[in-house]
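Peer 1: Got a structure for you, start_29.txt, holding compact mmCIF, C-alpha atoms.
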```
# COMPACT_ATOMS: atom_id res chain seq x y z
CA MET A 1 67.76 29.03 107.18
CA PRO A 2 64.28 30.51 106.57
CA THR A 3 63.17 32.90 109.31
CA VAL A 4 59.96 30.96 110.01
CA LEU A 5 61.92 27.76 110.61
CA GLU A 6 64.53 29.57 112.70
CA LEU A 7 61.79 31.01 114.93
CA TYR A 8 60.16 27.58 115.29
CA LEU A 9 63.45 25.99 116.35
CA GLU A 10 64.16 28.80 118.81
CA LEU A 11 60.76 28.34 120.47
CA GLY A 12 61.59 24.64 120.82
CA ARG A 13 64.95 25.45 122.41
CA ARG A 14 63.14 27.67 124.90
CA GLY A 15 60.99 24.76 126.03
CA PHE A 16 57.70 25.43 124.28
CA CYS A 17 55.64 22.38 123.33
CA LEU A 18 55.55 22.44 119.54
CA PRO A 19 53.87 20.28 116.90
CA GLU A 20 56.12 17.84 115.05
CA ARG A 21 55.22 19.31 111.66
CA ARG A 22 57.46 22.30 111.05
CA PRO A 23 55.81 25.51 109.81
CA LYS A 24 56.20 26.45 106.17
CA THR A 25 54.18 29.67 106.10
CA VAL A 26 53.40 32.65 108.31
CA LEU A 27 49.97 31.10 108.99
CA ASP A 28 51.62 27.86 110.13
CA MET A 29 53.96 29.85 112.39
CA LEU A 30 51.10 31.77 113.97
CA ASN A 31 49.42 28.44 114.71
CA VAL A 32 52.61 27.22 116.39
CA ILE A 33 52.75 30.39 118.50
CA ASP A 34 49.05 30.19 119.38
CA ARG A 35 49.45 26.58 120.47
CA ALA A 36 52.65 27.31 122.40
CA PHE A 37 50.83 30.00 124.36
CA ARG A 38 47.55 28.05 124.37
CA ASN A 39 45.74 30.86 122.57
CA LYS A 40 42.69 30.57 120.37
CA PRO A 41 43.49 31.21 116.68
CA CYS A 42 40.62 33.70 116.36
CA TYR A 43 39.57 36.32 118.90
CA THR A 44 36.54 37.65 117.06
CA GLN A 45 33.81 36.43 114.76
CA PRO A 46 35.77 35.13 111.74
CA GLY A 47 35.50 36.95 108.45
CA SER A 48 34.72 35.18 105.21
CA ILE A 49 36.40 34.39 101.91
CA THR A 50 34.54 35.00 98.65
CA LEU A 51 35.67 33.29 95.45
CA PHE A 52 35.28 34.70 91.96
CA ASP A 53 35.79 31.87 89.46
CA ILE A 54 36.75 33.43 86.12
CA ASP A 55 35.82 30.22 84.32
CA SER A 56 32.18 30.18 85.44
CA SER A 57 31.30 33.80 86.24
CA HIS A 58 31.73 35.50 82.88
CA ASP A 59 29.04 38.14 83.35
CA THR A 60 29.75 39.12 86.96
CA ASP A 61 30.74 42.76 87.41
CA ILE A 62 33.83 42.20 89.54
CA PRO A 63 34.95 45.88 89.53
CA GLY A 64 31.42 46.78 90.63
CA TRP A 65 31.61 44.24 93.45
CA CYS A 66 34.94 45.69 94.56
CA ALA A 67 33.49 49.22 94.47
CA ALA A 68 30.52 48.07 96.57
CA HIS A 69 32.90 46.46 99.11
CA PRO A 70 35.64 49.07 99.61
CA GLY A 71 38.61 47.98 101.67
CA VAL A 72 38.08 44.27 101.08
CA PRO A 73 41.47 42.85 100.13
CA VAL A 74 41.65 40.99 96.83
CA GLY A 75 43.98 38.16 95.84
CA ALA A 76 44.36 36.19 92.63
CA MET A 77 45.55 32.63 92.04
CA GLY A 78 46.90 31.65 88.64
CA THR A 79 48.12 33.52 85.61
CA ARG A 80 44.70 33.83 83.96
CA ALA A 81 43.12 35.11 87.18
CA LYS A 82 45.86 37.71 87.59
CA GLN A 83 45.47 38.71 83.94
CA ARG A 84 41.70 39.11 84.38
CA ALA A 85 42.32 41.36 87.37
CA ALA A 86 44.78 43.43 85.34
CA ASP A 87 42.36 43.64 82.39
CA GLU A 88 39.63 44.92 84.70
CA LYS A 89 42.03 47.25 86.56
CA ILE A 90 41.53 45.49 89.90
CA TRP A 91 44.29 46.14 92.42
CA LEU A 92 45.61 42.89 93.91
CA ASP A 93 46.62 42.87 97.55
CA PHE A 94 47.85 39.25 97.36
CA THR A 95 49.50 37.41 94.47
CA TYR A 96 51.23 34.58 96.34
CA GLY A 97 50.29 32.65 99.49
CA VAL A 98 46.78 33.88 98.74
CA ILE A 99 44.76 31.26 100.63
CA ASP A 100 46.78 31.55 103.83
CA LYS A 101 46.72 35.35 103.68
CA CYS A 102 42.94 35.30 103.31
CA ILE A 103 42.67 32.88 106.24
CA LEU A 104 44.76 35.32 108.30
CA LYS A 105 42.37 38.13 107.32
CA ALA A 106 39.38 35.97 108.30
CA LEU A 107 40.94 35.32 111.72
CA LEU A 108 40.99 39.09 112.21
CA GLY A 109 37.28 39.24 111.40
CA GLU A 110 37.91 40.64 107.93
CA HIS A 111 36.48 39.53 104.60
CA SER A 112 38.49 38.93 101.42
CA LEU A 113 38.01 38.06 97.76
CA ILE A 114 40.04 35.58 95.74
CA ILE A 115 39.93 35.65 91.94
CA VAL A 116 40.56 32.06 90.83
CA THR A 117 40.41 29.75 87.87
CA GLY A 118 37.98 26.84 88.03
CA SER A 119 40.76 24.37 88.74
CA MET A 120 41.72 26.21 91.95
CA VAL A 121 38.26 26.48 93.54
CA GLY A 122 38.52 23.04 95.12
CA ARG A 123 42.01 23.79 96.44
CA VAL A 124 40.76 26.88 98.27
CA HIS A 125 37.87 24.97 99.86
CA GLU A 126 40.19 22.09 100.81
CA ARG A 127 42.82 24.34 102.44
CA VAL A 128 40.28 26.37 104.41
CA ARG A 129 38.44 23.21 105.51
CA GLU A 130 41.75 21.66 106.64
CA PHE A 131 42.68 24.78 108.60
CA CYS A 132 39.25 24.99 110.24
CA ARG A 133 39.33 21.32 111.24
CA GLU A 134 42.80 21.63 112.79
CA ASN A 135 41.96 24.83 114.68
CA GLN A 136 38.30 24.41 115.64
CA VAL A 137 37.27 27.60 113.87
CA GLU A 138 34.73 28.16 111.10
CA ILE A 139 35.53 30.34 108.10
CA GLN A 140 32.86 30.65 105.44
CA VAL A 141 33.90 30.31 101.79
CA SER A 142 31.32 31.37 99.23
CA SER A 143 31.25 31.91 95.48
CA LEU A 144 30.50 35.21 93.81
CA SER A 145 28.01 35.07 90.98
CA LYS A 146 25.86 37.60 89.18
CA ARG A 147 23.09 37.28 91.77
CA HIS A 148 25.55 38.12 94.57
CA GLY A 149 27.10 41.06 92.72
```
Show how you would write the structure in this file as structure tokens.

Peer 2:
Amino acid sequence: MPTVLELYLELGRRGFCLPERRPKTVLDMLNVIDRAFRNKPCYTQPGSITLFDIDSSHDTDIPGWCAAHPGVPVGAMGTRAKQRAADEKIWLDFTYGVIDKCILKALLGEHSLIIVTGSMVGRVHERVREFCRENQVEIQVSSLSKRHG
């Protein structure tokens, strides 16, 4: 049994009021714990998520952006996005579960960057919007372009 599910079931056995939908990710599990203890999901001003769309931002200096924003974790979604990061020698902090990991960073007041393909931009916005609606928190998602570099 996956650890996240085992923890969810154990909280239920201990009498905590839990949502019917079982958690699938660490972010889902943290939401379950926050709700069980009636905590807010974010204790500070939320950070933001910046998107770099490799299909529309051909002339953006992504290594330059990373150098200008040291310590900002970077994730990539999709084979071409990961390849672009490798080609430009960009260290990736996240290569799976990227959206949820960036949401977790935002809840800690930290900013993050996701390198994506054009087809994934909408998915990032949709997932963050869904999370924000469910948890009454606002996380800004913006796109990186040459003028923002």

Peer 1: Identify, on the basis of all atoms listed in the file, every residue whose closest approach to A:Arg35 does not exceed 12 Å; exclude the query and any residue fewer than 4 positions from it along the same chain; express the result as a ChimeraX atom specification.

Peer 2: /A:8,11,16-19,28-31,39-41,134-135

Peer 1: What gap, in Å, lies between atom CA of A:Gly75 and atom CA of A:Val98?

Peer 2: 5.9 Å

Peer 1: What is the atom CA of A:Lys101-atom CA of A:Arg14 distance in Å, reported with one decimal?

Peer 2: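 Atom CA of A:Lys101 sits 27.9 Å away from atom CA of A:Arg14.
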
Peer 1: Compile the contact shell of A:Ile49 as a PyMOL selection string: residues with an atom at most 12 Å away, counting all atoms listed in the file, same-chain residues fewer than 2 positions apart removed.

Peer 2: chain A and resi 46-47+51-52+72-75+98-107+109-115+121+124-125+127-129+138-144

Peer 1: So what do you get for atom CA of A:Gly15 versus atom CA of A:Gln136, distance-wise?

Peer 2: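 Between these atoms lies a distance of 25.0 Å.
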
Peer 1: I'd like to know which of A:Gln45, A:Thr50, A:Thr3, A:Thr79 is closest to A:Cys66, using only C-alpha atoms.

Peer 2: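 Checking each of A:Gln45, A:Thr50, A:Thr3, A:Thr79 against A:Cys66, counting only C-alpha atoms, the winner is A:Thr50.
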
Peer 1: For A:Leu9, which of A:Cys132, A:Ile33, A:Ile54, A:Ile62 is the closest residue, counting only C-alpha atoms?

Peer 2: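 That would be A:Ile33, the residue with the smallest distance to A:Leu9.
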
Peer 1: Point out the residue among A:Glu6, A:Arg22, A:Asp53, A:Ala36 with the least atom-to-atom distance to A:Gly122, counting all atoms listed in the file.

Peer 2: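 For A:Gly122, the nearest of the given residues is A:Asp53.
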
Peer 1: Using all atoms listed in the file for the distances, tell me which of A:Arg133, A:Arg80, A:Lys24, A:Arg13 is nearest to A:Ser119.

Peer 2: A:Arg80

Peer 1: Given only C-alpha atoms as the basis, pick out the residue of A:Ala67, A:Ala76, A:Val137, A:Val32 nearest to A:Gly97.

Peer 2: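 Among A:Ala67, A:Ala76, A:Val137, A:Val32, it is A:Ala76 that comes nearest to A:Gly97.
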
Peer 1: With all atoms listed in the file as the atoms that count, which of A:Ala86, A:Ala81, A:Leu7, A:Leu92 lies nearest to A:Val116?

Peer 2: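 Using all atoms listed in the file, A:Val116 sits closest to A:Ala81.
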